[in-house]
>>> print(open('query.cif').read())   # mmCIF, C-alpha atoms
data_target
#
loop_
_atom_site.label_atom_id
_atom_site.label_comp_id
_atom_site.auth_asym_id
_atom_site.auth_seq_id
_atom_site.Cartn_x
_atom_site.Cartn_y
_atom_site.Cartn_z
CA MET A 112 0.00 0.00 0.00
CA ASP A 113 1.22 3.48 -0.92
CA TYR A 114 0.91 5.32 2.44
CA GLU A 115 1.74 8.72 0.97
CA ARG A 116 -1.08 8.34 -1.56
CA LEU A 117 -3.42 7.07 1.17
CA LYS A 118 -2.61 10.15 3.26
CA ILE A 119 -3.32 12.43 0.29
CA SER A 120 -6.60 10.57 -0.38
CA LEU A 121 -7.72 10.95 3.25
CA VAL A 122 -6.83 14.66 3.29
CA LYS A 123 -8.68 15.19 -0.01
CA ALA A 124 -11.74 13.32 1.34
CA GLY A 125 -11.64 15.39 4.54
CA ARG A 126 -11.38 18.63 2.57
CA ALA A 127 -14.26 17.63 0.27
CA LEU A 128 -16.48 16.80 3.23
CA TRP A 129 -15.47 19.97 5.12
CA GLY A 130 -16.26 22.06 2.01
CA THR A 131 -19.81 20.69 2.01
CA PHE A 132 -20.22 20.83 5.80
CA PRO A 133 -22.06 24.21 6.11
CA VAL A 134 -24.40 23.28 3.26
CA LEU A 135 -25.26 19.87 4.76
CA LEU A 136 -25.72 21.38 8.20
CA GLY A 137 -27.99 24.09 6.76
CA ALA A 138 -30.03 21.49 4.83
CA ILE A 139 -30.53 19.34 7.94
CA LEU A 140 -31.52 22.41 10.00
CA LEU A 141 -34.06 23.41 7.31
CA ILE A 142 -35.56 19.92 7.25
CA ALA A 143 -35.87 19.97 11.05
CA LEU A 144 -37.59 23.37 10.91
CA ALA A 145 -40.03 22.22 8.21
CA ASP A 146 -40.83 19.08 10.20
CA SER A 147 -41.91 21.09 13.26
CA PHE A 148 -43.72 23.93 11.51
CA ILE A 149 -45.77 22.03 8.91
CA PRO A 150 -48.67 20.13 10.52
CA GLN A 151 -49.26 16.63 9.13
CA GLU A 152 -53.08 17.16 9.15
CA LEU A 153 -52.53 19.70 6.37
CA TYR A 154 -51.86 16.96 3.82
CA ALA A 155 -55.34 15.40 3.49
CA SER A 156 -57.11 18.78 3.47
CA LEU A 157 -55.33 19.84 0.27
CA PHE A 158 -56.76 17.09 -1.97
CA SER A 159 -60.01 18.01 -3.75
CA GLY A 160 -60.92 14.67 -5.34
CA ASN A 161 -60.24 15.98 -8.86
CA PRO A 162 -58.44 13.14 -10.77
CA PHE A 163 -56.36 15.59 -12.81
CA ILE A 164 -55.42 18.09 -10.12
CA ASP A 165 -54.86 15.67 -7.20
CA PRO A 166 -51.75 13.96 -8.70
CA ILE A 167 -50.19 17.40 -9.22
CA VAL A 168 -51.10 18.37 -5.64
CA GLY A 169 -49.60 15.03 -4.49
CA SER A 170 -46.38 15.75 -6.35
CA ILE A 171 -46.18 19.31 -5.01
CA LEU A 172 -46.72 18.14 -1.42
CA GLY A 173 -44.18 15.32 -1.77
CA SER A 174 -41.69 17.80 -3.23
CA ILE A 175 -42.08 20.28 -0.39
CA PHE A 176 -42.03 17.88 2.54
CA ALA A 177 -38.91 16.05 3.51
CA GLY A 178 -38.10 13.26 5.89
CA ASN A 179 -37.78 9.52 6.17
CA PRO A 180 -39.53 7.69 3.29
CA SER A 181 -41.27 5.39 5.80
CA THR A 182 -43.12 8.52 7.06
CA SER A 183 -44.39 9.10 3.52
CA TYR A 184 -45.58 5.46 3.31
CA ILE A 185 -47.51 5.81 6.57
CA LEU A 186 -48.94 9.20 5.52
CA GLY A 187 -49.75 7.80 2.07
CA GLY A 188 -51.59 4.85 3.62
CA GLU A 189 -53.64 7.23 5.75
CA LEU A 190 -54.42 9.41 2.72
CA VAL A 191 -55.70 6.39 0.76
CA ASP A 192 -57.84 5.40 3.77
CA SER A 193 -59.29 8.91 3.87
CA GLY A 194 -60.37 8.66 0.23
CA VAL A 195 -57.49 10.27 -1.67
CA SER A 196 -56.85 8.48 -5.00
CA LEU A 197 -53.99 5.99 -5.36
CA LEU A 198 -52.78 8.05 -8.34
CA ALA A 199 -52.34 11.16 -6.17
CA VAL A 200 -50.80 9.19 -3.31
CA THR A 201 -48.30 7.47 -5.64
CA ALA A 202 -47.24 10.84 -7.05
CA PHE A 203 -46.84 12.00 -3.43
CA LEU A 204 -44.71 8.95 -2.46
CA VAL A 205 -42.39 9.20 -5.48
CA SER A 206 -41.85 12.97 -5.30
CA TRP A 207 -41.21 12.73 -1.53
CA VAL A 208 -38.00 10.82 -2.25
CA THR A 209 -36.99 12.20 -5.64
CA VAL A 210 -37.79 15.93 -5.52
CA GLY A 211 -36.32 18.16 -2.82
CA VAL A 212 -37.51 21.74 -2.44
CA VAL A 213 -36.06 21.99 1.08
CA GLN A 214 -32.76 20.45 -0.06
CA PHE A 215 -32.68 22.53 -3.26
CA PRO A 216 -30.29 25.23 -1.94
CA ALA A 217 -27.80 22.55 -0.82
CA GLU A 218 -28.09 20.67 -4.11
CA ALA A 219 -27.66 23.87 -6.14
CA LEU A 220 -24.59 24.92 -4.12
CA LEU A 221 -22.86 21.53 -4.41
CA LEU A 222 -23.97 20.21 -7.81
CA GLY A 223 -24.77 23.43 -9.66
CA LYS A 224 -27.94 25.51 -10.04
CA ARG A 225 -28.66 24.31 -13.57
CA PHE A 226 -28.25 20.66 -12.55
CA ALA A 227 -30.43 21.03 -9.43
CA LEU A 228 -33.18 22.89 -11.29
CA SER A 229 -33.20 20.48 -14.26
CA ARG A 230 -33.08 17.38 -12.06
CA ASN A 231 -35.89 18.53 -9.79
CA ILE A 232 -38.15 19.53 -12.70
CA ALA A 233 -37.50 16.17 -14.42
CA ALA A 234 -38.10 14.27 -11.17
CA PHE A 235 -41.34 16.20 -10.56
CA LEU A 236 -42.67 15.33 -14.03
CA PHE A 237 -41.61 11.70 -13.67
CA SER A 238 -43.33 11.38 -10.28
CA ILE A 239 -46.62 12.00 -12.12
CA ILE A 240 -45.69 9.72 -15.05
CA VAL A 241 -44.72 6.87 -12.68
CA ALA A 242 -47.94 7.42 -10.71
CA ILE A 243 -50.05 7.21 -13.90
CA ALA A 244 -48.20 4.06 -15.04
CA VAL A 245 -48.56 2.25 -11.69
CA SER A 246 -52.17 3.33 -11.12
CA SER A 247 -53.15 2.27 -14.66
CA VAL A 248 -51.73 -1.23 -14.15
CA VAL A 249 -53.37 -1.75 -10.75
CA GLY A 250 -56.62 -0.39 -12.19
CA ALA A 251 -56.86 2.64 -9.95
CA TRP A 252 -56.99 5.19 -12.76
CA MET B 277 -18.36 29.18 -12.13
CA VAL B 278 -18.01 30.28 -8.50
CA SER B 279 -14.48 30.14 -7.09
CA GLU B 280 -13.32 27.26 -4.88
CA LYS B 281 -12.90 29.65 -1.96
CA SER B 282 -16.53 30.76 -2.20
CA ASN B 283 -18.26 31.42 1.11
CA SER B 284 -21.74 30.67 -0.30
CA GLY B 285 -22.09 27.57 1.90
CA TRP B 286 -21.44 29.56 5.07
CA TYR B 287 -23.83 32.33 3.92
CA PHE B 288 -26.46 29.64 3.35
CA LEU B 289 -25.92 28.30 6.88
CA LEU B 290 -26.15 31.85 8.30
CA ALA B 291 -29.39 32.42 6.36
CA VAL B 292 -30.86 29.22 7.86
CA LEU B 293 -29.80 30.31 11.36
CA ALA B 294 -31.45 33.69 10.73
CA LEU B 295 -34.60 31.78 9.74
CA TYR B 296 -34.44 29.98 13.10
CA LEU B 297 -34.25 33.34 14.88
CA ILE B 298 -37.31 34.59 12.98
CA ALA B 299 -39.15 31.32 13.67
CA TYR B 300 -38.25 31.69 17.37
CA LEU B 301 -40.18 34.97 17.47
CA PHE B 302 -43.30 33.12 16.28
CA SER B 303 -42.98 29.92 18.30
CA SER B 304 -40.04 29.18 20.58
CA GLU B 305 -41.57 25.77 21.41
CA LYS B 306 -41.50 24.66 17.77
CA VAL B 307 -37.94 25.91 17.35
CA PHE B 308 -36.82 23.81 20.33
CA SER B 309 -38.73 20.87 18.86
CA SER B 310 -36.84 21.48 15.57
CA LEU B 311 -33.52 21.50 17.43
CA ASP B 312 -34.43 18.21 19.15
CA PHE B 313 -35.29 16.74 15.76
CA PHE B 314 -32.03 18.16 14.34
CA SER B 315 -29.83 16.62 17.06
CA ALA B 316 -31.57 13.24 16.71
CA LEU B 317 -31.07 13.42 12.93
CA ILE B 318 -27.37 14.31 13.27
CA LEU B 319 -26.77 11.32 15.58
CA LYS B 320 -28.60 9.05 13.14
CA LEU B 321 -26.56 10.40 10.23
CA LEU B 322 -23.11 10.08 11.82
CA PRO B 323 -22.50 6.54 10.48
CA ILE B 324 -23.47 7.74 6.99
CA PHE B 325 -21.00 10.65 7.29
CA VAL B 326 -18.30 8.06 8.06
CA LEU B 327 -19.44 5.94 5.09
CA ILE B 328 -19.32 8.94 2.73
CA PHE B 329 -15.85 9.91 4.02
CA ALA B 330 -14.64 6.33 3.46
CA LEU B 331 -16.15 6.25 -0.04
CA LEU B 332 -14.54 9.59 -0.92
CA ALA B 333 -11.13 8.42 0.34
CA PHE B 334 -11.56 5.06 -1.44
CA ALA B 335 -12.49 6.82 -4.68
CA ASN B 336 -9.51 9.19 -4.38
CA TYR B 337 -7.10 6.32 -3.70
CA PHE B 338 -8.30 3.67 -6.17
CA VAL B 339 -10.36 5.36 -8.87
CA LYS B 340 -8.59 7.49 -11.42
CA PRO B 341 -10.63 10.24 -13.10
CA LYS B 342 -10.02 8.60 -16.48
CA THR B 343 -11.45 5.28 -15.24
CA LEU B 344 -14.48 6.99 -13.74
CA ALA B 345 -15.11 8.90 -16.96
CA ALA B 346 -14.77 5.67 -18.97
CA HIS B 347 -17.37 3.85 -16.86
CA MET B 348 -19.71 6.76 -16.15
CA GLY B 349 -18.73 9.41 -18.68
CA HIS B 350 -20.57 10.60 -21.77
CA ASP B 351 -19.80 7.45 -23.76
CA SER B 352 -20.53 4.96 -20.96
CA GLY B 353 -23.84 3.90 -22.54
CA LEU B 354 -25.97 1.12 -21.03
CA LYS B 355 -23.20 0.18 -18.57
CA GLY B 356 -23.21 3.71 -17.12
CA TRP B 357 -27.00 3.79 -16.73
CA SER B 358 -26.99 0.34 -15.11
CA ILE B 359 -24.28 1.33 -12.62
CA ALA B 360 -26.15 4.55 -11.76
CA VAL B 361 -29.49 2.79 -11.18
CA LEU B 362 -28.04 -0.16 -9.22
CA THR B 363 -25.88 2.01 -6.96
CA GLY B 364 -28.87 4.33 -6.46
CA ILE B 365 -31.01 1.42 -5.26
CA ILE B 366 -28.41 0.14 -2.79
CA SER B 367 -27.38 3.57 -1.47
CA THR B 368 -28.65 4.41 2.02
CA GLY B 369 -29.36 7.59 4.00
CA PRO B 370 -30.93 10.87 2.95
CA ILE B 371 -30.40 12.36 -0.50
CA TYR B 372 -28.30 15.34 0.67
CA MET B 373 -25.69 13.06 2.27
CA TRP B 374 -24.68 11.96 -1.23
CA TYR B 375 -24.10 15.47 -2.60
CA PRO B 376 -20.38 15.60 -1.56
CA LEU B 377 -19.59 12.32 -3.34
CA LEU B 378 -21.65 13.29 -6.40
CA ASN B 379 -19.90 16.68 -6.44
CA ASP B 380 -16.57 14.83 -6.56
CA MET B 381 -17.80 12.54 -9.35
CA GLN B 382 -19.23 15.47 -11.32
CA ARG B 383 -15.86 17.26 -11.18
CA HIS B 384 -14.20 14.08 -12.48
CA GLY B 385 -16.36 13.94 -15.60
CA VAL B 386 -19.27 11.72 -14.61
CA ARG B 387 -22.28 12.41 -16.83
CA ASN B 388 -24.97 14.61 -15.17
CA GLY B 389 -27.73 12.31 -16.42
CA LEU B 390 -26.16 9.41 -14.52
CA LEU B 391 -25.97 11.44 -11.31
CA SER B 392 -29.62 12.34 -11.77
CA ALA B 393 -30.59 8.69 -12.46
CA PHE B 394 -28.67 7.64 -9.34
CA LEU B 395 -30.66 10.12 -7.22
CA TYR B 396 -33.95 9.01 -8.82
CA ALA B 397 -33.28 5.28 -8.33
CA ARG B 398 -32.84 5.98 -4.61
CA ALA B 399 -36.67 6.03 -4.49
CA VAL B 400 -36.51 2.21 -4.50
CA LYS B 401 -36.03 1.59 -0.79
CA VAL B 402 -35.46 -2.16 -0.43
CA PRO B 403 -35.08 -2.10 3.40
CA LEU B 404 -38.47 -0.34 3.65
CA PHE B 405 -40.33 -2.85 1.46
CA PRO B 406 -42.08 -4.43 4.48
CA VAL B 407 -43.65 -1.04 5.39
CA LEU B 408 -44.68 -0.36 1.78
CA ILE B 409 -46.14 -3.88 1.42
CA LEU B 410 -48.02 -3.48 4.71
CA TYR B 411 -49.75 -0.31 3.51
CA PHE B 412 -50.09 -0.89 -0.24
CA GLY B 413 -49.63 -4.61 -0.91
CA LEU B 414 -47.02 -6.71 -2.70
CA THR B 415 -48.29 -6.11 -6.26
CA TYR B 416 -48.19 -2.34 -5.81
CA THR B 417 -44.69 -2.49 -4.27
CA VAL B 418 -43.32 -4.56 -7.16
CA LEU B 419 -44.99 -2.36 -9.78
CA LEU B 420 -43.87 0.89 -8.17
CA SER B 421 -40.27 -0.32 -7.86
CA ALA B 422 -40.22 -1.55 -11.49
CA ALA B 423 -41.65 1.75 -12.72
CA ILE B 424 -39.04 3.76 -10.79
CA ILE B 425 -36.20 1.58 -12.16
CA VAL B 426 -37.44 2.09 -15.74
CA ALA B 427 -38.05 5.81 -15.15
CA ALA B 428 -34.62 6.53 -13.57
CA PRO B 429 -32.56 6.58 -16.83
CA LEU B 430 -35.35 8.40 -18.69
CA GLN B 431 -35.44 11.01 -15.94
CA GLY B 432 -31.64 11.30 -16.19
CA MET B 433 -31.89 11.88 -19.94
CA LEU B 434 -34.59 14.52 -19.41
CA THR B 435 -32.34 16.24 -16.83
CA GLU B 436 -29.58 16.50 -19.45
CA LYS B 437 -32.02 17.85 -22.07
CA LEU B 438 -33.30 20.46 -19.61
CA MET B 439 -29.72 21.42 -18.71
CA GLU B 440 -29.01 22.04 -22.39
CA LEU B 441 -32.15 24.15 -22.55
CA PHE B 442 -31.18 26.25 -19.52
CA GLY B 443 -27.75 27.22 -20.90
CA ASN B 444 -24.13 26.52 -20.08
CA GLU B 445 -23.58 28.01 -16.64
CA ASN B 446 -23.74 25.41 -13.83
CA SER B 447 -22.19 27.27 -10.90
CA ARG B 448 -21.42 25.34 -7.75
CA ILE B 449 -19.38 26.34 -4.71
CA VAL B 450 -16.78 23.56 -4.65
#
>>> encode(input="query.cif", output="structure tokens")
Amino acid sequence: MDYERLKISLVKAGRALWGTFPVLLGAILLIALADSFIPQELYASLFSGNPFIDPIVGSILGSIFAGNPSTSYILGGELVDSGVSLLAVTAFLVSWVTVGVVQFPAEALLLGKRFALSRNIAAFLFSIIVAIAVSSVVGAW
Amino acid sequence: MVSEKSNSGWYFLLAVLALYLIAYLFSSEKVFSSLDFFSALILKLLPIFVLIFALLAFANYFVKPKTLAAHMGHDSGLKGWSIAVLTGIISTGPIYMWYPLLNDMQRHGVRNGLLSAFLYARAVKVPLFPVLILYFGLTYTVLLSAAIIVAAPLQGMLTEKLMELFGNENSRIV
């Protein structure tokens, strides 16, 4: 093993992580703030029952809220039980993990504004496409 | 392109702290609840920080930029997409924890579409399948996962098309 190269690699890794440290810390603080200030009861009240608008609402909500995906599964299950369509809930579940409004500043700072904007728009659109595909196959649309 | 010594990250952190101060004026209780949530999250994320540090050091030691570009560069084709989707599925932790590694890969010539596909494929959460099955059933879980796997490369390609549409500037701080 080349110890000099290993040392350089460790220093480089440390520098890379330190360079992203304030951004990661800021992103985690933002997520924590959103978690406390946005009531979970808000979710169900925003769906109108319109089959065209609800998937978009689902995607918007999933994009805004952040947290562990298992939370979105539990919330999604409750939304289905309260009468929200599977199409809207699927869009919500997919965008929860793939689109990040709260994380956007961190993503833009570390991976570039153009990349972050393009990726989030594409992920938003695909959350609806995936929801339509899945709901069509299971016969819920 | 913003210089390597940019302070944007620290300004961002200061802006978030200012937001906490404003939020404190509205509800100190919720701010303390946020800080509790934050400290719990940090403790939970510590092992992932170590993993990312190890992956960064490993990549710096073993992977040469030329090799990375050959496997995940513009001409990587199906192999590149497959690597992006598979590594996305097996990656753990929140999305933002992967930004430092992806930043490193981006600087070494990895295709943006592959980075985007990696982030999209992370929606397939294998360890959480039992929860998803419990709430939505096995058929739904299989279908949703398959749809996300198929969509990931397409979403990556759309990301690249949109990037072309938005122009050449892709400023980042490091």
>>> atom_distance(input="query.cif", atom1="atom CA of A:Gly130", atom2="atom CA of B:Trp286")
9.6 Å
>>> closest_residue(input="query.cif", among="B:Ala346, B:Leu317, B:Leu362, B:Ile328", to="A:Ala124", atoms="all atoms listed in the file")
B:Ile328
>>> interface_residues(input="query.cif", of="chain A", to="chain B", cutoff="7 Å", atoms="only C-alpha atoms", output="ChimeraX atom specification")
/A:116-117,120-121,124-125,127-128,130-131,133-135,137,139-141,143-144,147-148,181,184,188,205,208-209,214,218-226,229-230,233-234,237,241,245
>>> atom_distance(input="query.cif", atom1="atom CA of A:Ala242", atom2="atom CA of A:Pro150")
24.8 Å
>>> closest_residue(input="query.cif", among="B:Met348, B:Ala360, B:Leu414, B:Val402", to="B:Gly385", atoms="only C-alpha atoms")
B:Met348
>>> atom_distance(input="query.cif", atom1="atom CA of A:Ile149", atom2="atom CA of A:Ile175")
10.2 Å
>>> closest_residue(input="query.cif", among="A:Gly250, A:Gly160, A:Pro166, A:Gly173", to="A:Leu204", atoms="all atoms listed in the file")
A:Gly173
>>> resolve_selection(input="query.cif", expression="the PyMOL selection byres ((chain A and resi 189-198) around 8)", output="list in words")
Ala155, Phe158, Gly160, Pro162, Asp165, Pro166, Ile185, Leu186, Gly187, Gly188, Ala199, Val200, Thr201, Ala202, Ala242, Ile243, Val245, Ser246, Ala251 and Trp252 of chain A
>>> build_atoms(input="query.cif", residues="stretch 116-127 of chain A", atoms="all heavy atoms", output="short mmCIF file (atom, residue, chain, number, x, y, z; two decimals), keeping the file's coordinate frame")
data_model
loop_
_atom_site.label_atom_id
_atom_site.label_comp_id
_atom_site.auth_asym_id
_atom_site.auth_seq_id
_atom_site.Cartn_x
_atom_site.Cartn_y
_atom_site.Cartn_z
N ARG A 116 0.13 8.14 -0.75
CA ARG A 116 -1.08 8.34 -1.56
C ARG A 116 -2.34 8.20 -0.70
O ARG A 116 -3.33 8.92 -0.90
CB ARG A 116 -1.10 7.30 -2.69
CG ARG A 116 -1.93 7.76 -3.86
CD ARG A 116 -1.76 6.85 -5.04
NE ARG A 116 -3.03 6.71 -5.72
CZ ARG A 116 -3.34 5.74 -6.53
NH1 ARG A 116 -2.47 4.80 -6.77
NH2 ARG A 116 -4.49 5.70 -7.13
N LEU A 117 -2.29 7.27 0.25
CA LEU A 117 -3.42 7.07 1.17
C LEU A 117 -3.66 8.34 1.99
O LEU A 117 -4.81 8.78 2.17
CB LEU A 117 -3.15 5.88 2.10
CG LEU A 117 -4.24 5.58 3.12
CD1 LEU A 117 -5.52 5.09 2.44
CD2 LEU A 117 -3.76 4.52 4.11
N LYS A 118 -2.52 8.93 2.46
CA LYS A 118 -2.61 10.15 3.26
C LYS A 118 -3.24 11.28 2.43
O LYS A 118 -4.14 11.97 2.90
CB LYS A 118 -1.19 10.56 3.72
CG LYS A 118 -1.18 11.57 4.82
CD LYS A 118 0.26 11.85 5.24
CE LYS A 118 0.44 13.29 5.63
NZ LYS A 118 1.84 13.65 5.83
N ILE A 119 -2.78 11.39 1.19
CA ILE A 119 -3.32 12.43 0.29
C ILE A 119 -4.82 12.20 0.06
O ILE A 119 -5.63 13.13 0.09
CB ILE A 119 -2.54 12.46 -1.04
CG1 ILE A 119 -1.10 12.93 -0.80
CG2 ILE A 119 -3.22 13.35 -2.07
CD1 ILE A 119 -0.16 12.72 -1.97
N SER A 120 -5.19 10.91 -0.14
CA SER A 120 -6.60 10.57 -0.38
C SER A 120 -7.46 10.93 0.81
O SER A 120 -8.57 11.46 0.66
CB SER A 120 -6.75 9.07 -0.67
OG SER A 120 -5.97 8.71 -1.77
N LEU A 121 -6.96 10.64 2.04
CA LEU A 121 -7.72 10.95 3.25
C LEU A 121 -7.87 12.46 3.43
O LEU A 121 -8.96 12.94 3.77
CB LEU A 121 -7.03 10.33 4.48
CG LEU A 121 -7.13 8.81 4.60
CD1 LEU A 121 -6.21 8.29 5.70
CD2 LEU A 121 -8.56 8.35 4.86
N VAL A 122 -6.78 13.19 3.16
CA VAL A 122 -6.83 14.66 3.29
C VAL A 122 -7.82 15.23 2.28
O VAL A 122 -8.66 16.09 2.61
CB VAL A 122 -5.42 15.28 3.11
CG1 VAL A 122 -5.50 16.80 2.98
CG2 VAL A 122 -4.52 14.90 4.28
N LYS A 123 -7.77 14.71 1.04
CA LYS A 123 -8.68 15.19 -0.01
C LYS A 123 -10.13 14.92 0.38
O LYS A 123 -11.00 15.77 0.18
CB LYS A 123 -8.38 14.45 -1.32
CG LYS A 123 -7.42 15.18 -2.24
CD LYS A 123 -7.39 14.46 -3.56
CE LYS A 123 -6.45 15.10 -4.54
NZ LYS A 123 -6.38 14.31 -5.78
N ALA A 124 -10.38 13.70 0.92
CA ALA A 124 -11.74 13.32 1.34
C ALA A 124 -12.21 14.24 2.46
O ALA A 124 -13.36 14.71 2.46
CB ALA A 124 -11.78 11.87 1.79
N GLY A 125 -11.31 14.50 3.42
CA GLY A 125 -11.64 15.39 4.54
C GLY A 125 -11.96 16.79 4.05
O GLY A 125 -12.95 17.40 4.49
N ARG A 126 -11.15 17.29 3.11
CA ARG A 126 -11.38 18.63 2.57
C ARG A 126 -12.72 18.71 1.83
O ARG A 126 -13.45 19.69 1.95
CB ARG A 126 -10.25 19.01 1.62
CG ARG A 126 -9.07 19.59 2.35
CD ARG A 126 -8.09 20.19 1.37
NE ARG A 126 -6.84 20.51 2.04
CZ ARG A 126 -5.67 20.53 1.47
NH1 ARG A 126 -5.57 20.23 0.19
NH2 ARG A 126 -4.59 20.85 2.14
N ALA A 127 -13.00 17.65 1.04
CA ALA A 127 -14.26 17.63 0.27
C ALA A 127 -15.45 17.66 1.21
O ALA A 127 -16.42 18.39 0.98
CB ALA A 127 -14.31 16.39 -0.62
#
